[in-house]
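The next block is structure.pdb, given as PDB, C-alpha atoms, pLDDT in the B column.
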```
ATOM      1  CA  MET A 135       4.898  -5.357  -9.008  1.00 57.00           C
ATOM      2  CA  LEU A 136       3.184  -6.628  -5.928  1.00 70.00           C
ATOM      3  CA  ALA A 137      -0.455  -7.185  -5.172  1.00 74.00           C
ATOM      4  CA  LYS A 138      -2.420  -4.419  -3.477  1.00 82.00           C
ATOM      5  CA  LYS A 139      -3.595  -6.015  -0.311  1.00 86.00           C
ATOM      6  CA  THR A 140      -6.750  -5.370   1.633  1.00 87.00           C
ATOM      7  CA  LEU A 141      -6.755  -6.653   5.156  1.00 88.00           C
ATOM      8  CA  GLU A 142     -10.168  -7.751   6.365  1.00 87.00           C
ATOM      9  CA  LEU A 143     -10.816  -8.236  10.038  1.00 88.00           C
ATOM     10  CA  ASN A 144     -13.455 -10.485  11.496  1.00 87.00           C
ATOM     11  CA  PRO A 145     -15.280  -8.438  14.138  1.00 86.00           C
ATOM     12  CA  HIS A 146     -16.794 -11.548  15.670  1.00 86.00           C
ATOM     13  CA  HIS A 147     -13.474 -13.143  16.493  1.00 87.00           C
ATOM     14  CA  SER A 148     -12.361 -13.033  20.106  1.00 86.00           C
ATOM     15  CA  VAL A 149      -8.805 -11.926  19.296  1.00 86.00           C
ATOM     16  CA  MET A 150     -10.105  -8.902  17.401  1.00 86.00           C
ATOM     17  CA  LYS A 151     -12.532  -8.078  20.205  1.00 86.00           C
ATOM     18  CA  GLU A 152      -9.740  -8.152  22.713  1.00 85.00           C
ATOM     19  CA  MET A 153      -7.452  -6.017  20.573  1.00 84.00           C
ATOM     20  CA  LEU A 154     -10.162  -3.396  20.185  1.00 84.00           C
ATOM     21  CA  ALA A 155     -10.722  -3.335  23.934  1.00 84.00           C
ATOM     22  CA  LYS A 156      -7.003  -2.957  24.558  1.00 83.00           C
ATOM     23  CA  ILE A 157      -6.700  -0.075  22.117  1.00 81.00           C
ATOM     24  CA  LYS A 158      -9.643   1.700  23.700  1.00 80.00           C
ATOM     25  CA  GLU A 159      -8.065   1.257  27.125  1.00 80.00           C
ATOM     26  CA  SER A 160      -4.697   2.683  26.203  1.00 74.00           C
ATOM     27  CA  ALA A 161      -4.430   6.455  26.135  1.00 64.00           C
ATOM     28  CA  ASP A 162      -2.091   6.811  23.169  1.00 65.00           C
ATOM     29  CA  ASN A 163      -3.655   4.123  20.956  1.00 59.00           C
ATOM     30  CA  GLU A 164      -0.560   1.984  21.205  1.00 64.00           C
ATOM     31  CA  LEU A 165      -0.454  -1.621  22.259  1.00 62.00           C
ATOM     32  CA  GLY A 166       3.074  -2.304  23.403  1.00 69.00           C
ATOM     33  CA  LYS A 167       5.682  -4.776  22.264  1.00 71.00           C
ATOM     34  CA  GLU A 168       3.822  -7.963  23.076  1.00 72.00           C
ATOM     35  CA  ARG A 169       0.743  -6.947  21.107  1.00 76.00           C
ATOM     36  CA  ASP A 170       2.876  -5.813  18.205  1.00 79.00           C
ATOM     37  CA  ASP A 171       4.401  -9.262  18.033  1.00 80.00           C
ATOM     38  CA  LEU A 172       0.981 -10.834  18.107  1.00 82.00           C
ATOM     39  CA  ALA A 173      -0.180  -8.567  15.307  1.00 84.00           C
ATOM     40  CA  THR A 174       2.848  -9.409  13.180  1.00 84.00           C
ATOM     41  CA  LEU A 175       2.216 -13.077  13.753  1.00 84.00           C
ATOM     42  CA  LEU A 176      -1.471 -12.772  12.853  1.00 86.00           C
ATOM     43  CA  TYR A 177      -0.608 -10.821   9.730  1.00 86.00           C
ATOM     44  CA  ASN A 178       1.968 -13.356   8.575  1.00 86.00           C
ATOM     45  CA  VAL A 179      -0.362 -16.274   9.188  1.00 86.00           C
ATOM     46  CA  ALA A 180      -3.050 -14.457   7.240  1.00 86.00           C
ATOM     47  CA  LEU A 181      -0.583 -13.928   4.392  1.00 85.00           C
ATOM     48  CA  LEU A 182       0.115 -17.641   4.218  1.00 84.00           C
ATOM     49  CA  ASN A 183      -3.579 -18.508   4.526  1.00 81.00           C
ATOM     50  CA  SER A 184      -4.412 -16.167   1.709  1.00 81.00           C
ATOM     51  CA  GLY A 185      -1.901 -17.730  -0.647  1.00 78.00           C
ATOM     52  CA  PHE A 186       0.921 -15.208  -0.369  1.00 80.00           C
ATOM     53  CA  SER A 187       4.462 -15.989   0.581  1.00 78.00           C
ATOM     54  CA  ILE A 188       5.999 -14.152   3.489  1.00 78.00           C
ATOM     55  CA  ASP A 189       8.904 -11.778   3.091  1.00 75.00           C
ATOM     56  CA  GLU A 190      10.958 -12.806   6.071  1.00 78.00           C
ATOM     57  CA  PRO A 191      10.377 -16.432   7.014  1.00 79.00           C
ATOM     58  CA  LEU A 192      13.121 -16.362   9.616  1.00 83.00           C
ATOM     59  CA  GLU A 193      11.586 -13.471  11.509  1.00 79.00           C
ATOM     60  CA  PHE A 194       8.261 -15.256  11.359  1.00 78.00           C
ATOM     61  CA  THR A 195       9.567 -18.503  12.803  1.00 81.00           C
ATOM     62  CA  THR A 196      11.455 -16.674  15.519  1.00 81.00           C
ATOM     63  CA  THR A 197       8.329 -14.882  16.728  1.00 73.00           C
ATOM     64  CA  LEU A 198       6.463 -18.132  16.606  1.00 73.00           C
TER      65      LEU A 198
ATOM     66  CA  MET B 282     -26.084 -22.560  -8.648  1.00 78.00           C
ATOM     67  CA  LYS B 283     -28.331 -20.848  -6.135  1.00 78.00           C
ATOM     68  CA  PRO B 284     -31.117 -18.929  -7.928  1.00 78.00           C
ATOM     69  CA  ASP B 285     -29.986 -15.635  -6.404  1.00 76.00           C
ATOM     70  CA  GLN B 286     -26.351 -16.143  -7.309  1.00 81.00           C
ATOM     71  CA  ASP B 287     -25.868 -13.759 -10.218  1.00 82.00           C
ATOM     72  CA  THR B 288     -22.107 -14.033 -10.375  1.00 87.00           C
ATOM     73  CA  ILE B 289     -19.849 -16.927 -11.212  1.00 89.00           C
ATOM     74  CA  LEU B 290     -17.444 -17.179  -8.327  1.00 89.00           C
ATOM     75  CA  TYR B 291     -14.035 -18.738  -8.308  1.00 89.00           C
ATOM     76  CA  LEU B 292     -11.123 -19.071  -5.967  1.00 90.00           C
ATOM     77  CA  PRO B 293      -7.599 -19.486  -7.291  1.00 88.00           C
ATOM     78  CA  GLY B 294      -4.889 -21.310  -5.388  1.00 84.00           C
ATOM     79  CA  ASP B 295      -2.069 -23.826  -5.521  1.00 84.00           C
ATOM     80  CA  SER B 296      -3.895 -27.062  -4.864  1.00 86.00           C
ATOM     81  CA  LYS B 297      -7.432 -28.287  -4.500  1.00 88.00           C
ATOM     82  CA  GLU B 298      -6.864 -29.144  -0.854  1.00 88.00           C
ATOM     83  CA  GLY B 299      -5.381 -25.745  -0.183  1.00 85.00           C
ATOM     84  CA  ILE B 300      -8.273 -23.938  -1.783  1.00 88.00           C
ATOM     85  CA  LEU B 301     -10.884 -26.009   0.013  1.00 88.00           C
ATOM     86  CA  ALA B 302      -9.245 -25.150   3.321  1.00 86.00           C
ATOM     87  CA  SER B 303      -9.182 -21.417   2.600  1.00 86.00           C
ATOM     88  CA  PRO B 304     -10.802 -19.253   5.313  1.00 86.00           C
ATOM     89  CA  ILE B 305     -12.505 -17.085   2.734  1.00 86.00           C
ATOM     90  CA  LEU B 306     -14.349 -20.045   1.222  1.00 88.00           C
ATOM     91  CA  LYS B 307     -15.978 -21.222   4.452  1.00 87.00           C
ATOM     92  CA  LYS B 308     -18.810 -18.739   4.604  1.00 86.00           C
ATOM     93  CA  TYR B 309     -19.656 -19.024   0.923  1.00 86.00           C
ATOM     94  CA  LYS B 310     -19.856 -22.760   1.371  1.00 87.00           C
ATOM     95  CA  LYS B 311     -22.059 -22.391   4.438  1.00 86.00           C
ATOM     96  CA  ARG B 312     -24.455 -20.104   2.595  1.00 85.00           C
ATOM     97  CA  GLY B 313     -24.690 -22.556  -0.281  1.00 86.00           C
ATOM     98  CA  TYR B 314     -22.924 -20.556  -2.965  1.00 87.00           C
ATOM     99  CA  GLU B 315     -21.076 -22.410  -5.663  1.00 89.00           C
ATOM    100  CA  VAL B 316     -17.459 -21.476  -6.105  1.00 90.00           C
ATOM    101  CA  LEU B 317     -15.166 -22.746  -8.846  1.00 91.00           C
ATOM    102  CA  ILE B 318     -11.905 -24.206  -7.637  1.00 92.00           C
ATOM    103  CA  MET B 319      -9.021 -23.038  -9.794  1.00 89.00           C
ATOM    104  CA  ASP B 320      -5.813 -24.782  -8.925  1.00 87.00           C
ATOM    105  CA  ASP B 321      -3.852 -24.220 -12.118  1.00 86.00           C
ATOM    106  CA  PRO B 322      -1.662 -21.120 -12.353  1.00 80.00           C
ATOM    107  CA  ILE B 323      -2.939 -20.434 -15.846  1.00 82.00           C
ATOM    108  CA  ASP B 324      -6.597 -20.353 -14.718  1.00 85.00           C
ATOM    109  CA  GLU B 325      -6.347 -16.857 -13.425  1.00 83.00           C
ATOM    110  CA  PHE B 326      -4.690 -15.715 -16.584  1.00 82.00           C
ATOM    111  CA  CYS B 327      -7.868 -16.684 -18.389  1.00 85.00           C
ATOM    112  CA  THR B 328     -10.308 -15.181 -15.929  1.00 85.00           C
ATOM    113  CA  GLN B 329      -8.532 -11.859 -16.227  1.00 82.00           C
ATOM    114  CA  HIS B 330      -9.852 -11.713 -19.763  1.00 85.00           C
ATOM    115  CA  LEU B 331     -12.991 -13.750 -19.360  1.00 85.00           C
ATOM    116  CA  THR B 332     -14.925 -11.304 -17.222  1.00 84.00           C
ATOM    117  CA  GLU B 333     -18.375 -12.433 -18.272  1.00 86.00           C
ATOM    118  CA  TYR B 334     -19.973 -15.700 -19.243  1.00 87.00           C
ATOM    119  CA  GLU B 335     -23.583 -15.917 -20.445  1.00 87.00           C
ATOM    120  CA  LYS B 336     -24.317 -12.517 -18.937  1.00 86.00           C
ATOM    121  CA  LYS B 337     -23.008 -13.596 -15.576  1.00 86.00           C
ATOM    122  CA  LYS B 338     -19.969 -11.842 -14.234  1.00 87.00           C
ATOM    123  CA  VAL B 339     -16.999 -14.015 -13.385  1.00 88.00           C
ATOM    124  CA  LYS B 340     -15.330 -12.949 -10.168  1.00 87.00           C
ATOM    125  CA  SER B 341     -12.760 -14.138  -7.693  1.00 87.00           C
ATOM    126  CA  ILE B 342     -13.823 -14.261  -4.070  1.00 87.00           C
ATOM    127  CA  ALA B 343     -10.272 -13.393  -3.092  1.00 86.00           C
ATOM    128  CA  LYS B 344     -10.723  -9.864  -4.448  1.00 84.00           C
ATOM    129  CA  ASP B 345     -12.242  -7.012  -2.543  1.00 80.00           C
ATOM    130  CA  ASP B 346     -14.848  -5.845  -5.040  1.00 79.00           C
ATOM    131  CA  ILE B 347     -17.175  -8.751  -4.531  1.00 77.00           C
ATOM    132  CA  ASN B 348     -19.579  -9.212  -1.680  1.00 74.00           C
ATOM    133  CA  LEU B 349     -22.550 -11.464  -2.073  1.00 75.00           C
ATOM    134  CA  ILE B 350     -22.995 -12.294   1.567  1.00 73.00           C
ATOM    135  CA  ASP B 351     -25.989 -10.400   2.965  1.00 71.00           C
ATOM    136  CA  SER B 352     -25.966  -8.103  -0.067  1.00 71.00           C
ATOM    137  CA  THR B 353     -29.762  -7.932  -0.081  1.00 74.00           C
ATOM    138  CA  ASP B 354     -30.273  -7.892   3.663  1.00 79.00           C
ATOM    139  CA  GLU B 355     -30.689  -4.279   4.832  1.00 83.00           C
ATOM    140  CA  VAL B 356     -30.548  -5.108   8.533  1.00 87.00           C
ATOM    141  CA  ALA B 357     -27.305  -6.990   8.133  1.00 84.00           C
ATOM    142  CA  LYS B 358     -25.885  -4.108   6.110  1.00 86.00           C
ATOM    143  CA  LYS B 359     -26.699  -1.621   8.861  1.00 88.00           C
ATOM    144  CA  LYS B 360     -25.194  -3.954  11.403  1.00 88.00           C
ATOM    145  CA  LEU B 361     -21.976  -4.141   9.414  1.00 87.00           C
ATOM    146  CA  GLN B 362     -21.888  -0.362   9.164  1.00 89.00           C
ATOM    147  CA  LYS B 363     -22.235  -0.113  12.953  1.00 89.00           C
ATOM    148  CA  LEU B 364     -19.475  -2.650  13.437  1.00 89.00           C
ATOM    149  CA  LYS B 365     -17.249  -0.670  11.118  1.00 89.00           C
ATOM    150  CA  GLU B 366     -17.690   2.429  13.237  1.00 89.00           C
ATOM    151  CA  MET B 367     -17.165   0.489  16.411  1.00 88.00           C
ATOM    152  CA  TYR B 368     -13.954  -1.049  15.119  1.00 87.00           C
ATOM    153  CA  LYS B 369     -12.577   2.168  13.686  1.00 87.00           C
ATOM    154  CA  PRO B 370      -9.806   2.448  16.335  1.00 85.00           C
ATOM    155  CA  LEU B 371      -8.664  -1.077  15.547  1.00 87.00           C
ATOM    156  CA  THR B 372      -8.665  -0.690  11.767  1.00 88.00           C
ATOM    157  CA  ASP B 373      -6.780   2.597  12.135  1.00 87.00           C
ATOM    158  CA  TRP B 374      -4.254   0.920  14.362  1.00 85.00           C
ATOM    159  CA  TRP B 375      -3.706  -1.947  11.928  1.00 86.00           C
ATOM    160  CA  LYS B 376      -3.244   0.465   9.039  1.00 88.00           C
ATOM    161  CA  LYS B 377      -0.675   2.417  11.012  1.00 86.00           C
ATOM    162  CA  PHE B 378       1.023  -0.760  12.151  1.00 86.00           C
ATOM    163  CA  LEU B 379       1.371  -2.306   8.721  1.00 85.00           C
ATOM    164  CA  GLY B 380       1.975   0.936   6.863  1.00 85.00           C
ATOM    165  CA  SER B 381       2.519   0.455   3.153  1.00 84.00           C
ATOM    166  CA  GLN B 382       2.293  -3.318   3.325  1.00 84.00           C
ATOM    167  CA  VAL B 383      -1.451  -3.117   2.915  1.00 86.00           C
ATOM    168  CA  GLU B 384      -3.664  -0.844   0.851  1.00 86.00           C
ATOM    169  CA  LYS B 385      -6.490  -0.652   3.350  1.00 87.00           C
ATOM    170  CA  VAL B 386      -7.940  -2.329   6.403  1.00 89.00           C
ATOM    171  CA  THR B 387     -11.640  -3.043   6.736  1.00 88.00           C
ATOM    172  CA  ILE B 388     -14.152  -4.947   8.782  1.00 89.00           C
ATOM    173  CA  SER B 389     -15.457  -8.002   7.035  1.00 85.00           C
ATOM    174  CA  ASN B 390     -18.582 -10.103   7.067  1.00 84.00           C
ATOM    175  CA  LYS B 391     -17.066 -12.770   4.866  1.00 84.00           C
ATOM    176  CA  LEU B 392     -15.152 -14.574   7.552  1.00 84.00           C
ATOM    177  CA  ASP B 393     -16.470 -17.390   9.627  1.00 82.00           C
ATOM    178  CA  ASP B 394     -14.115 -18.341  12.430  1.00 83.00           C
ATOM    179  CA  ASP B 395     -10.799 -16.896  11.301  1.00 85.00           C
ATOM    180  CA  PRO B 396      -9.590 -13.586  12.714  1.00 86.00           C
ATOM    181  CA  LEU B 397      -8.327 -11.975   9.533  1.00 87.00           C
ATOM    182  CA  PHE B 398      -7.814 -12.493   5.846  1.00 88.00           C
ATOM    183  CA  ILE B 399      -6.004 -10.675   3.092  1.00 87.00           C
ATOM    184  CA  LEU B 400      -7.815  -9.895  -0.121  1.00 87.00           C
ATOM    185  CA  THR B 401      -6.377  -8.199  -3.146  1.00 87.00           C
ATOM    186  CA  SER B 402      -7.715  -5.189  -4.969  1.00 83.00           C
ATOM    187  CA  GLN B 403      -9.832  -5.559  -8.070  1.00 79.00           C
ATOM    188  CA  TYR B 404      -7.181  -4.281 -10.464  1.00 78.00           C
ATOM    189  CA  GLY B 405      -3.904  -5.303  -8.887  1.00 75.00           C
ATOM    190  CA  PHE B 406      -2.350  -8.729  -8.844  1.00 79.00           C
ATOM    191  CA  SER B 407      -3.878 -11.546  -6.843  1.00 81.00           C
ATOM    192  CA  ALA B 408      -1.839 -13.773  -4.571  1.00 79.00           C
ATOM    193  CA  THR B 409      -1.500 -16.468  -7.211  1.00 79.00           C
ATOM    194  CA  MET B 410      -0.588 -14.005  -9.922  1.00 79.00           C
ATOM    195  CA  GLU B 411       1.991 -12.466  -7.638  1.00 79.00           C
ATOM    196  CA  LYS B 412       3.647 -15.875  -7.373  1.00 78.00           C
ATOM    197  CA  VAL B 413       3.486 -16.483 -11.104  1.00 77.00           C
ATOM    198  CA  ASN B 414       4.989 -13.090 -11.696  1.00 78.00           C
ATOM    199  CA  ARG B 415       7.795 -13.649  -9.239  1.00 77.00           C
ATOM    200  CA  ALA B 416       8.632 -16.958 -10.856  1.00 79.00           C
ATOM    201  CA  GLN B 417       9.078 -15.413 -14.279  1.00 77.00           C
ATOM    202  CA  ALA B 418      10.672 -12.136 -13.312  1.00 64.00           C
ATOM    203  CA  PHE B 419      13.592 -11.249 -15.496  1.00 60.00           C
TER     204      PHE B 419
END
```

What would the structure in this file look like if it were written as structure tokens?
Amino acid sequence: MLAKKTLELNPHHSVMKEMLAKIKESADNELGKERDDLATLLYNVALLNSGFSIDEPLEFTTTL
Amino acid sequence: MKPDQDTILYLPGDSKEGILASPILKKYKKRGYEVLIMDDPIDEFCTQHLTEYEKKKVKSIAKDDINLIDSTDEVAKKKLQKLKEMYKPLTDWWKKFLGSQVEKVTISNKLDDDPLFILTSQYGFSATMEKVNRAQAF
């Protein structure tokens, strides 16, 4: 059994502001490959920061 | 404890240093709340059963059912509500992007200068308990 996770975003952080702007700009609400990588990276870092372990360390280090 | 702090707060983790550096602790510290540091794996085992002490609730700040920051400030509450609406496209996108990895995505007022943080639900396992559980899986 795994923990049920709630992701909390900080609306005052510049990265989040930029991501919101980018999503609003794009017509289909997608961000493209580069942004996806960034999001994965942010998520994995947040996992570590929050005391979880990450599922695929290799993938994480490669993106980094 | 601050006079208006009606809950005993704690934050579980692996080491004292690790807990003190946690992004979720920063704002509580700034606002002057007192948070117990729990760096032993067994601590959380106890707090699961010890939900109240001297009529004060005992809660982990790494769970999503607790929010003391600005809880009495109506203006700040409205502001947060506005922000939530404004950031709806982004939260929707994150939810879609992460799929079943997360239960929900919300906008937070608990963070200071970190972009995002992962809390656990009130009833499910916490991060520390997840580790404990993994270690003794059979």

Checklist entry - Can you list, as number ranges by chain, the residues that the PyMOL selection byres ((chain B and resi 391) around 9) selects here? => result A: 142, 144; B: 305-309, 348-350, 389-390, 392-393

Item to check | Residues returned when the ChimeraX specification (/A :<6) & /B runs on this file, as a PyMOL selection string | outcome: chain B and resi 371+383-389+392+396-402+405-408

Quick one: axis-aligned box around all listed atoms of range 139-149 of chain A, 6 Å on every side, centre and edge lengths in Å to one decimal, written as JSON.
```
{"center_x": -10.2, "center_y": -9.3, "center_z": 9.9, "size_x": 25.2, "size_y": 19.8, "size_z": 32.4}
```

Item to check | Proximity to Asp351 in chain B - best of B:Arg312, B:Ile289, B:Gln382, B:Glu335, all atoms listed in the file | outcome: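 Selected residue with least distance to Asp351 in chain B: B:Arg312.
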
Checklist entry - Quick one: which residues end up in the PyMOL selection byres ((chain B and resi 301) around 12) for this structure, as number ranges by chain? => result A: 183-184; B: 291-300, 302-310, 316-320

Checklist entry - So, counting all atoms listed in the file, which residue among A:Glu152, A:Ser160, A:Glu193, A:Ile188 is closest to Lys412 in chain B? => result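 Nearest candidate to Lys412 in chain B out of A:Glu152, A:Ser160, A:Glu193, A:Ile188: A:Ile188.
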
Write out as a CSV table (one decimal) with C-alpha atoms, keeping the file's coordinate frame the residues lying within 9 Å of Lys283 in chain B, counting only C-alpha atoms and excluding same-chain residues fewer than 5 positions away.
```csv
chain,number,residue,atom,x,y,z
B,313,GLY,CA,-24.7,-22.6,-0.3
B,314,TYR,CA,-22.9,-20.6,-3.0
B,315,GLU,CA,-21.1,-22.4,-5.7
```
